[in-house]
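> One file: structure06.cif (mmCIF, C-alpha atoms and all ligand atoms).
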```cif
data_entry
#
loop_
_atom_site.label_atom_id
_atom_site.label_comp_id
_atom_site.auth_asym_id
_atom_site.auth_seq_id
_atom_site.Cartn_x
_atom_site.Cartn_y
_atom_site.Cartn_z
CA MET A 22 0.00 0.00 0.00
CA VAL A 23 1.25 3.45 -0.93
CA VAL A 24 0.25 6.47 1.16
CA LEU A 25 0.14 9.85 -0.51
CA LEU A 26 1.60 12.73 1.49
CA GLN A 27 1.63 16.42 0.56
CA PRO A 28 4.55 17.28 -1.74
CA VAL A 29 6.72 18.58 1.09
CA THR A 30 8.86 16.09 2.97
CA PHE A 31 7.92 15.76 6.59
CA ASN A 32 7.75 12.96 9.07
CA SER A 33 4.05 12.47 9.47
CA ASP A 34 4.14 9.62 11.97
CA VAL A 35 2.26 10.75 15.05
CA TYR A 36 1.23 8.06 17.48
CA VAL A 37 -2.06 9.18 18.86
CA ASN A 38 -3.22 6.08 20.64
CA PRO A 39 -1.20 5.41 23.79
CA LYS A 40 -2.38 1.78 23.83
CA CYS A 41 -0.78 1.26 20.44
CA LYS A 42 2.98 1.13 20.44
CA PRO A 43 4.98 3.24 18.02
CA SER A 44 6.39 1.30 15.11
CA PRO A 45 9.79 -0.32 15.84
CA VAL A 46 10.35 -0.15 12.09
CA PRO A 47 9.81 3.41 10.93
CA VAL A 48 7.39 3.59 7.99
CA PRO A 49 9.55 4.69 5.05
CA VAL A 50 8.80 8.03 3.42
CA ILE A 51 10.04 7.76 -0.17
CA ASP A 52 10.76 10.75 -2.37
CA LEU A 53 9.72 9.54 -5.84
CA THR A 54 12.19 11.94 -7.49
CA ASP A 55 15.11 10.44 -5.55
CA ALA A 56 17.58 8.51 -7.74
CA ASP A 57 17.45 5.70 -5.18
CA ALA A 58 13.61 5.56 -5.01
CA LYS A 59 13.28 2.20 -6.79
CA THR A 60 15.60 0.46 -4.32
CA GLN A 61 13.73 1.98 -1.39
CA ILE A 62 10.35 0.94 -2.83
CA VAL A 63 11.39 -2.70 -3.28
CA LYS A 64 12.87 -2.79 0.24
CA ALA A 65 9.61 -1.37 1.69
CA CYS A 66 7.50 -3.88 -0.30
CA GLU A 67 9.61 -6.77 0.98
CA GLU A 68 9.77 -5.68 4.61
CA LEU A 69 6.47 -3.99 5.33
CA GLY A 70 4.26 -3.87 2.25
CA PHE A 71 3.57 -0.24 3.13
CA PHE A 72 5.26 3.09 2.48
CA LYS A 73 4.53 6.78 2.16
CA VAL A 74 5.45 8.91 -0.83
CA VAL A 75 6.34 12.56 -1.34
CA ASN A 76 7.08 14.44 -4.57
CA HIS A 77 4.54 12.23 -6.33
CA GLY A 78 3.44 15.03 -8.65
CA VAL A 79 -0.25 15.00 -7.64
CA ARG A 80 -1.47 18.61 -7.42
CA PRO A 81 -2.27 19.45 -3.77
CA ASP A 82 -5.33 21.45 -4.89
CA LEU A 83 -6.73 18.35 -6.63
CA LEU A 84 -6.52 16.45 -3.34
CA THR A 85 -8.28 19.31 -1.53
CA GLN A 86 -10.91 19.67 -4.24
CA LEU A 87 -11.79 15.97 -4.22
CA GLU A 88 -11.94 15.96 -0.42
CA GLU A 89 -14.31 18.95 -0.48
CA GLU A 90 -16.57 17.35 -3.11
CA ALA A 91 -16.64 14.05 -1.20
CA ASN A 92 -17.52 15.87 2.03
CA LYS A 93 -20.41 17.59 0.21
CA PHE A 94 -21.66 14.18 -0.96
CA PHE A 95 -21.54 12.63 2.52
CA ALA A 96 -23.24 15.73 4.02
CA MET A 97 -26.36 15.12 1.85
CA PRO A 98 -29.54 13.70 3.42
CA GLN A 99 -29.43 9.90 3.85
CA TYR A 100 -32.33 9.25 1.44
CA LEU A 101 -30.45 11.03 -1.38
CA LYS A 102 -27.21 9.13 -0.75
CA GLU A 103 -29.12 5.86 -0.69
CA LYS A 104 -30.37 6.52 -4.22
CA ALA A 105 -26.81 5.64 -5.23
CA GLY A 106 -26.91 2.32 -3.35
CA PRO A 107 -26.85 -0.46 -2.31
CA PRO A 108 -23.31 -1.21 -3.51
CA ASP A 109 -23.15 -4.16 -5.94
CA PRO A 110 -20.18 -3.71 -5.43
CA PHE A 111 -20.19 -0.17 -6.89
CA GLY A 112 -22.25 2.64 -5.43
CA TYR A 113 -23.03 4.04 -1.98
CA GLY A 114 -22.88 1.82 1.09
CA SER A 115 -23.29 2.37 4.79
CA LYS A 116 -21.93 0.16 7.59
CA ARG A 117 -22.07 -3.05 5.51
CA ILE A 118 -18.74 -3.85 3.82
CA GLY A 119 -18.88 -6.38 1.00
CA PRO A 120 -21.39 -9.19 0.60
CA SER A 121 -20.13 -11.44 3.45
CA GLY A 122 -21.64 -9.80 6.54
CA ASP A 123 -18.74 -7.51 7.55
CA MET A 124 -19.74 -4.30 9.31
CA GLY A 125 -17.87 -1.08 10.13
CA TRP A 126 -18.48 2.44 11.42
CA LEU A 127 -18.38 4.08 8.00
CA GLU A 128 -20.17 5.05 4.84
CA TYR A 129 -18.52 4.93 1.44
CA ILE A 130 -18.76 5.16 -2.32
CA LEU A 131 -17.04 2.62 -4.50
CA LEU A 132 -16.51 3.83 -8.07
CA ASN A 133 -15.38 1.84 -11.08
CA ALA A 134 -12.28 3.36 -12.69
CA ASN A 135 -13.26 1.80 -16.00
CA HIS A 136 -15.59 4.42 -17.49
CA HIS A 137 -17.12 1.91 -19.91
CA LEU A 138 -18.37 -0.23 -17.04
CA SER A 139 -19.74 2.62 -14.90
CA SER A 140 -23.05 1.51 -13.44
CA THR A 141 -26.15 3.67 -13.20
CA LYS A 142 -25.66 3.70 -9.42
CA THR A 143 -22.30 5.39 -9.67
CA THR A 144 -23.71 7.79 -12.25
CA ALA A 145 -26.38 8.62 -9.65
CA VAL A 146 -23.63 9.68 -7.23
CA PHE A 147 -22.65 12.44 -9.62
CA GLN A 148 -26.19 13.35 -10.66
CA GLN A 149 -26.98 14.13 -7.04
CA THR A 150 -23.92 16.29 -6.60
CA HIS A 151 -22.29 18.92 -8.71
CA ALA A 152 -20.51 17.98 -11.96
CA THR A 153 -17.30 19.22 -10.33
CA PHE A 154 -17.30 16.02 -8.22
CA ARG A 155 -17.22 13.84 -11.35
CA GLU A 156 -14.50 16.00 -12.92
CA ALA A 157 -12.37 15.82 -9.76
CA VAL A 158 -12.87 12.02 -9.54
CA GLU A 159 -11.88 11.53 -13.19
CA GLU A 160 -8.75 13.64 -12.88
CA TYR A 161 -7.84 11.95 -9.59
CA MET A 162 -8.23 8.46 -11.07
CA ASP A 163 -5.95 9.45 -13.98
CA GLU A 164 -3.37 10.77 -11.53
CA MET A 165 -3.57 7.63 -9.39
CA LYS A 166 -3.16 5.44 -12.46
CA ARG A 167 -0.07 7.44 -13.47
CA MET A 168 1.38 7.18 -9.97
CA ALA A 169 0.63 3.47 -9.55
CA CYS A 170 2.25 2.77 -12.95
CA ASN A 171 5.26 4.89 -12.02
CA VAL A 172 5.77 2.86 -8.82
CA LEU A 173 5.25 -0.46 -10.64
CA GLU A 174 7.80 0.55 -13.31
CA MET A 175 10.36 1.35 -10.61
CA VAL A 176 9.74 -2.13 -9.16
CA GLU A 177 10.20 -3.67 -12.63
CA GLU A 178 13.49 -1.85 -13.10
CA GLU A 179 14.86 -2.75 -9.68
CA LEU A 180 13.92 -6.44 -10.02
CA SER A 181 14.87 -6.60 -13.76
CA ILE A 182 11.38 -7.84 -14.62
CA GLU A 183 10.91 -8.69 -18.29
CA PRO A 184 9.22 -7.82 -20.61
CA LYS A 185 9.26 -4.07 -20.00
CA GLU A 186 6.03 -2.71 -18.46
CA LYS A 187 4.90 -6.23 -17.53
CA LEU A 188 3.23 -4.93 -14.34
CA SER A 189 2.34 -1.35 -15.27
CA LYS A 190 0.62 -2.45 -18.50
CA LEU A 191 -1.91 -4.40 -16.43
CA VAL A 192 -3.09 -1.09 -14.98
CA LYS A 193 -2.59 1.07 -18.11
CA VAL A 194 -4.81 -0.98 -20.42
CA GLU A 195 -8.42 0.03 -20.90
CA GLU A 196 -9.73 -3.27 -19.48
CA SER A 197 -7.86 -2.75 -16.18
CA ASP A 198 -10.18 -3.60 -13.27
CA SER A 199 -9.29 -0.70 -10.97
CA CYS A 200 -11.56 1.22 -8.63
CA LEU A 201 -11.71 4.19 -6.30
CA ARG A 202 -13.14 3.97 -2.83
CA VAL A 203 -14.00 7.04 -0.77
CA ASN A 204 -14.58 6.17 2.88
CA HIS A 205 -16.19 8.49 5.41
CA TYR A 206 -15.95 7.57 9.09
CA PRO A 207 -18.46 9.90 10.79
CA GLU A 208 -17.45 11.76 13.94
CA LYS A 209 -18.66 10.50 17.30
CA GLU A 210 -20.67 12.78 19.59
CA GLU A 211 -18.71 11.54 22.60
CA THR A 212 -15.22 10.05 22.53
CA PRO A 213 -16.03 6.38 23.20
CA ALA A 214 -14.22 4.57 26.00
CA LYS A 215 -12.79 2.11 23.52
CA GLU A 216 -12.15 2.17 19.81
CA GLU A 217 -14.70 0.75 17.44
CA ILE A 218 -13.94 -0.93 14.16
CA GLY A 219 -14.18 1.53 11.29
CA PHE A 220 -12.89 -0.95 8.68
CA GLY A 221 -11.97 -4.44 9.91
CA GLU A 222 -8.55 -6.02 9.40
CA HIS A 223 -7.82 -7.21 5.88
CA THR A 224 -5.35 -7.07 3.02
CA ASP A 225 -6.33 -5.47 -0.28
CA PRO A 226 -6.58 -8.03 -3.08
CA GLN A 227 -5.42 -5.86 -6.04
CA LEU A 228 -1.88 -5.12 -7.31
CA ILE A 229 -1.28 -1.89 -5.46
CA SER A 230 -3.41 0.52 -3.41
CA VAL A 231 -2.77 4.26 -3.14
CA LEU A 232 -4.30 5.86 -0.07
CA ARG A 233 -4.87 9.48 0.83
CA SER A 234 -6.66 10.62 3.99
CA ASN A 235 -7.52 13.78 5.87
CA ASP A 236 -5.87 14.66 9.17
CA THR A 237 -7.92 12.27 11.31
CA GLU A 238 -6.04 9.28 12.66
CA GLY A 239 -7.40 5.72 12.63
CA LEU A 240 -5.38 3.67 10.17
CA GLN A 241 -3.23 0.93 11.65
CA ILE A 242 -0.96 -1.60 10.02
CA CYS A 243 0.05 -4.99 11.36
CA LEU A 244 3.76 -5.76 11.76
CA LYS A 245 5.45 -9.14 11.29
CA ASP A 246 5.25 -9.84 15.05
CA GLY A 247 1.45 -9.36 14.96
CA SER A 248 1.43 -5.99 16.77
CA TRP A 249 -0.65 -3.13 15.44
CA VAL A 250 0.86 0.33 14.96
CA ASN A 251 -0.83 3.62 14.18
CA CYS A 252 -0.20 5.34 10.93
CA TRP A 253 -1.09 8.97 10.92
CA ARG A 254 -2.72 10.10 7.63
CA TYR A 255 -1.27 8.25 6.35
CA SER A 256 1.67 -4.01 -1.53
CA SER A 257 -1.12 -5.60 -1.93
CA GLY A 258 -2.63 -9.03 -2.64
CA ILE A 259 -1.66 -10.31 -6.02
CA LEU A 260 1.71 -8.53 -6.16
CA SER A 261 2.70 -11.02 -3.44
CA VAL A 262 1.73 -13.87 -5.76
CA MET A 263 3.46 -12.36 -8.81
CA THR A 264 6.70 -11.83 -6.86
CA ASN A 265 6.42 -15.40 -5.48
CA GLY A 266 6.01 -14.17 -1.91
CA ARG A 267 8.86 -11.66 -2.03
CA PHE A 268 6.52 -8.68 -1.55
CA LYS A 269 4.33 -8.55 1.53
CA SER A 270 0.61 -7.82 1.67
CA VAL A 271 0.16 -5.47 4.57
CA LYS A 272 -2.69 -6.31 6.92
CA HIS A 273 -4.44 -3.08 7.93
CA ARG A 274 -7.58 -1.80 9.64
CA VAL A 275 -9.22 1.45 10.74
CA LEU A 276 -10.29 2.11 14.33
CA THR A 277 -12.52 5.04 15.17
CA ASN A 278 -12.41 6.76 18.53
CA THR A 279 -12.45 10.47 17.89
CA LYS A 280 -14.88 13.32 17.63
CA ARG A 281 -13.46 14.19 14.22
CA SER A 282 -14.60 12.45 11.06
CA ARG A 283 -12.09 10.65 8.86
CA LEU A 284 -12.17 10.79 5.08
CA SER A 285 -9.97 8.49 3.01
CA MET A 286 -9.67 7.93 -0.73
CA ILE A 287 -8.08 4.74 -1.99
CA TYR A 288 -7.28 3.85 -5.56
CA PHE A 289 -7.03 0.09 -6.06
CA ALA A 290 -5.01 -0.67 -9.18
CA GLY A 291 -6.14 -3.99 -10.61
CA PRO A 292 -5.41 -5.99 -13.79
CA PRO A 293 -7.96 -6.97 -16.47
CA LEU A 294 -10.42 -9.62 -15.26
CA THR A 295 -9.05 -12.23 -17.70
CA GLU A 296 -5.40 -11.70 -16.68
CA LYS A 297 -3.63 -14.84 -15.47
CA ILE A 298 -1.98 -14.20 -12.12
CA ALA A 299 1.01 -16.38 -11.21
CA PRO A 300 4.62 -15.96 -9.99
CA MET A 301 6.66 -14.22 -12.70
CA SER A 302 9.10 -16.70 -14.23
CA CYS A 303 12.02 -14.22 -14.03
CA LEU A 304 11.67 -14.31 -10.23
CA VAL A 305 11.41 -18.10 -9.85
CA LEU A 306 14.68 -19.77 -10.71
CA LYS A 307 13.66 -23.37 -9.97
CA GLN A 308 10.18 -24.80 -10.56
CA GLU A 309 10.17 -26.33 -7.05
CA ASP A 310 10.59 -22.82 -5.55
CA ARG A 311 7.28 -21.73 -7.02
CA LEU A 312 4.89 -20.98 -4.15
CA TYR A 313 1.69 -20.22 -6.00
CA LYS A 314 -0.37 -21.66 -8.82
CA GLU A 315 -2.12 -19.67 -11.54
CA LEU A 316 -5.60 -18.16 -11.26
CA THR A 317 -7.23 -15.43 -13.30
CA TRP A 318 -7.88 -12.10 -11.54
CA SER A 319 -11.59 -12.78 -12.06
CA GLN A 320 -11.34 -16.18 -10.27
CA TYR A 321 -9.38 -14.65 -7.38
CA LYS A 322 -11.71 -11.67 -7.10
CA SER A 323 -14.79 -13.93 -6.92
CA HIS A 324 -13.04 -15.93 -4.21
CA CYS A 325 -12.34 -12.68 -2.28
CA TYR A 326 -15.94 -11.56 -2.55
CA LYS A 327 -17.13 -14.88 -1.11
CA SER A 328 -14.83 -14.45 1.90
CA LYS A 329 -14.95 -12.31 5.02
CA LEU A 330 -12.65 -9.30 5.41
CA GLY A 331 -10.30 -10.96 7.90
CA ASP A 332 -9.93 -14.27 6.00
CA TYR A 333 -6.56 -15.29 4.57
CA ARG A 334 -7.55 -15.21 0.92
CA LEU A 335 -4.17 -15.78 -0.79
CA GLY A 336 -4.46 -19.42 0.38
CA VAL A 337 -6.35 -20.33 -2.82
CA PHE A 338 -3.18 -19.61 -4.77
CA GLU A 339 -1.09 -21.99 -2.68
CA GLU A 340 -0.02 -25.22 -4.32
CA GLN A 341 -1.34 -28.29 -2.50
CA LEU A 342 1.57 -30.06 -0.85
CA PRO A 343 1.73 -33.84 -1.37
CA PHE A 344 0.16 -35.52 1.72
CA TYR A 345 3.56 -36.89 2.92
CA MET A 346 4.93 -33.33 3.10
CA SER A 347 1.98 -31.55 4.60
CA ASN A 348 2.93 -32.28 8.24
CA VAL A 349 6.59 -31.31 8.06
C1 LIG B 401 -15.72 -8.37 2.70
C2 LIG B 401 -15.28 -7.92 1.55
C3 LIG B 401 -15.24 -6.45 1.15
C4 LIG B 401 -14.31 -6.47 -0.03
C5 LIG B 401 -14.68 -7.75 -0.69
C6 LIG B 401 -14.66 -8.74 0.48
O1 LIG B 401 -15.38 -9.92 0.28
C7 LIG B 401 -13.21 -9.04 0.83
C8 LIG B 401 -12.26 -7.94 0.34
C9 LIG B 401 -12.85 -6.53 0.51
C10 LIG B 401 -12.09 -5.48 -0.28
C11 LIG B 401 -10.91 -4.83 0.51
C12 LIG B 401 -10.23 -3.82 -0.40
C13 LIG B 401 -11.22 -2.92 -1.10
O2 LIG B 401 -11.76 -2.02 -0.14
C14 LIG B 401 -12.38 -3.73 -1.75
C15 LIG B 401 -13.24 -2.84 -2.64
C16 LIG B 401 -11.84 -4.93 -2.47
O3 LIG B 401 -11.61 -5.03 -3.64
O4 LIG B 401 -11.67 -5.96 -1.58
C17 LIG B 401 -13.11 -4.43 -0.63
C18 LIG B 401 -14.36 -5.25 -0.97
C19 LIG B 401 -15.66 -4.45 -0.81
O5 LIG B 401 -15.76 -3.52 -0.01
O6 LIG B 401 -16.64 -4.78 -1.48
O1 LIG B 402 -9.97 4.24 5.29
C1 LIG B 402 -8.80 3.87 5.32
O2 LIG B 402 -7.90 4.57 5.72
C2 LIG B 402 -8.46 2.48 4.81
C3 LIG B 402 -9.64 1.75 4.22
C4 LIG B 402 -9.25 0.47 3.55
O3 LIG B 402 -8.34 -0.20 3.97
C5 LIG B 402 -9.97 0.02 2.34
O4 LIG B 402 -10.94 0.71 1.92
O5 LIG B 402 -9.60 -1.03 1.76
FE FE B 403 -7.77 -1.78 2.59
#
```
Would you mind giving the structure from this file in C-alpha cells?


Amino acid sequence: MVVLLQPVTFNSDVYVNPKCKPSPVPVPVIDLTDADAKTQIVKACEELGFFKVVNHGVRPDLLTQLEEEANKFFAMPQYLKEKAGPPDPFGYGSKRIGPSGDMGWLEYILLNANHHLSSTKTTAVFQQTHATFREAVEEYMDEMKRMACNVLEMVEEELSIEPKEKLSKLVKVEESDSCLRVNHYPEKEETPAKEEIGFGEHTDPQLISVLRSNDTEGLQICLKDGSWVNCWRYSSGILSVMTNGRFKSVKHRVLTNTKRSRLSMIYFAGPPLTEKIAPMSCLVLKQEDRLYKELTWSQYKSHCYKSKLGDYRLGVFEEQLPFYMSNV
C-alpha cells in the first residue's frame, strides 16, 4: 500500500493512541524523485508492504478539491445518498462492507475506474452532486493510475522484470479492473471509552493501493510480530503472488475513537479480469521454488468476494503439498 503525502517532505508519523505502540520499524517516506527511489520501494514492499510517498506530482489542490466534493456528498440527506446504493459492489454503502456480513463504522462510495463499465448507481452519485465532483474524480483516477504505474515501473526496473512494463501495463490498459473507494468515518458525539472498528482487518486483493486521507487518525498496520501500529494520515494481494512471496501484503484496519470524522480515498489498481496471475518466471529460478499456482484475476476476485474481510484469501493460490509433506 502506498500512502500519498503532501509534496513537502515531513515525518508524518504521530502516534495518537497510547495503547498502540509506536512502530519499531519506521514507515519509510520515499521521495519519488530520488535517484534511489526504486531500491527503497522494493525494500519497503519486501519488509512492510507499506510506504509513504512525497514528490509524487499530484497537485495538492486536486486532493483538496476531491476531499471537499466528497464531504459535500456525505453531508447530503441519507435518502439522497441511498439513491446511489446499495453497492453491488459499486455505489453508496453504509456500515455493511462487502457481501459477506462484515460491518464497520463508516459510509462509502465505490466507483469503477473503467468508465465503460460505470453503473447507473455510480452515475447517480454524480447526478446528485455537482458535476465538479465527477470531474475531480476523473482527474484523480488518472493521476492515481499514473502514480501506480510509475511505482510499478520502478519495481520492474529494480527487479529486472521482463518484458518491460509487464506490471504497469496491467493497470494502463483500458480493461484494467481498478476502482476508487471514498470512505467516510463519521465523527462521534462523545469520545467512546474504547475504539470501534471503522474498517476491519484485511489485506487489499489488487496489485497496489494508493491511499490518501484527511488529518484524522485511525489507520493501523500490522507488523510481522502481529502488533498493530498507528499510521497517521497516512503491496497488496496479487503482487505477493506475482513476486512469489517476495513482496508482503500489509494487513491493515481502521479504528474510530475520535470526535473528528475521517475521510480516506483509496485507488485500487487492478489488472484486467481475464489476466492470469502467477509468480513471474524471471523471479522463480527453480520450478520447485514456485509458491503459488495460476488463477485469473476474475477467479481470485470472486473468491475474495465470497470471503470475510479478515480471511486469509491468498491461500487459494497456494499449491497443495503432497500428503507426505503436509505435516513437516
Ligand atoms: C468483505 C469484503 C469487502 C471487499 C470484498 C470482500 O469480500 C473481501 C475484500 C474486501 C475489499 C478490501 C479492499 C477494497 O476495499 C475492496 C473494494 C476490495 O476489492 O476488496 C473491498 C471489498 C468491498 O468492499 O466490497
Ligand atoms: O480508510 C482507510 O484509511 C483504509 C480503508 C481500507 O483499507 C480500504 O478501503 O480497503
Ligand atoms: Fe484496505

> When distances are computed from only C-alpha atoms, which of A:Leu87, A:Ile182, A:Val262, A:Met22 shows the smallest separation from Leu232 (chain A)?

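Of A:Leu87, A:Ile182, A:Val262, A:Met22, the one nearest Leu232 (chain A), counting only C-alpha atoms, is A:Met22.
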
> Taking all atoms listed in the file and a cut-off of 8 Å, can you tell me which residues surround ligand LIG 402 (chain B), written as number ranges by chain?

A: 202-206, 219-220, 222-225, 232-234, 239-240, 254-255, 273-275, 283-287

> Taking all atoms listed in the file and a cut-off of 7 Å, can you tell me which residues surround ligand LIG 401 (chain B), written as a ChimeraX atom specification?

/A:110,118-121,123,131,202,223-227,325-330

> Rank A:Lys104, A:Lys116, A:Arg155, A:Lys272 by their smallest atom-to-atom distance to ligand FE 403 (chain B), using only C-alpha atoms and all ligand atoms, and report the top residue only.

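Among the listed residues, A:Lys272 lies closest to ligand FE 403 (chain B).
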
> Using all atoms listed in the file, pick whichever of A:Glu164, A:Ile62, A:Glu208, A:Gln149 has the shortest atom-to-atom distance to Leu101 (chain A).

A:Gln149

> With distances taken over all atoms listed in the file, which of A:Pro108, A:Gly266, A:Gly221, A:Pro98 is nearest to ligand FE 403 (chain B)?

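Ranked by minimum distance to ligand FE 403 (chain B), first place goes to A:Gly221.
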
> Which residues, written as a compact mmCIF listing (two decimals) with C-alpha atoms, keeping the file's coordinate frame, have at least one atom at most 6 Å from region 294-304 of chain A, with all atoms listed in the file counted and residues fewer than 2 positions away on the same chain left out?


```txt
# COMPACT_ATOMS: atom_id res chain seq x y z
CA VAL A 262 1.73 -13.87 -5.76
CA MET A 263 3.46 -12.36 -8.81
CA THR A 264 6.70 -11.83 -6.86
CA ASN A 265 6.42 -15.40 -5.48
CA LYS A 314 -0.37 -21.66 -8.82
CA GLU A 315 -2.12 -19.67 -11.54
CA LEU A 316 -5.60 -18.16 -11.26
CA THR A 317 -7.23 -15.43 -13.30
CA TRP A 318 -7.88 -12.10 -11.54
CA SER A 319 -11.59 -12.78 -12.06
```

> Can you build me a table of region 209-283 of chain A residues sitting at most 7 Å from region 289-292 of chain A, with the closest atom pair per residue and its distance in Å to one decimal, using all atoms listed in the file, sorted by chain and residue number, as CSV?


```
residue,atom,partner,partner_atom,distance
A:Gln227,CA,A:Gly291,CA,5.0
A:Leu228,CA,A:Gly291,CA,5.5
A:Ile229,CA,A:Ala290,CA,5.4
A:Ser230,CA,A:Phe289,CA,4.5
A:Val231,CA,A:Phe289,CA,6.6
```

> Considering all atoms listed in the file, can you say which of A:Thr141, A:Asn235, A:Asn278, A:Gln99 comes closest to Glu216 (chain A)?

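Checking each of A:Thr141, A:Asn235, A:Asn278, A:Gln99 against Glu216 (chain A), counting all atoms listed in the file, the winner is A:Asn278.
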
> Using Å and a single decimal, report how far CA of Tyr129 (chain A) sits from CA of Leu188 (chain A).

28.6 Å

> Around (-11.8, -0.6, -12.3) in the file's frame, which residues reach within 8 Å when counting all atoms listed in the file? Return as a ChimeraX atom specification?

/A:132-135,196-201,289-291

> What is the distance, in Å and to one decimal place, between CA of Glu67 (chain A) and CA of Glu174 (chain A)?

16.2 Å

> List the neighbours of Lys245 (chain A) out to 10 Å using all atoms listed in the file; skip same-chain residues closer than 5 positions along the sequence, and give me the result as a count of residues only.

5

> Could you state the separation of CA of Lys142 (chain A) and CA of Ala105 (chain A) in Å, given to one decimal place?

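So the answer is 4.8 Å.
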
> Could you work out an axis-aligned bounding box for all listed atoms of region 326-343 of chain A, with 5 Å added on each of the six sides, and give its centre and edge lengths in Å to one decimal, as lines of an AutoDock Vina configuration file?


```
center_x = -7.7
center_y = -21.6
center_z = 1.6
size_x = 28.9
size_y = 34.5
size_z = 22.7
```

> Which residue gives the smallest distance to Ala96 (chain A) among A:Thr150, A:Tyr313, A:Lys190, A:Glu238, with only C-alpha atoms counted?

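For Ala96 (chain A), the nearest of the given residues is A:Thr150.
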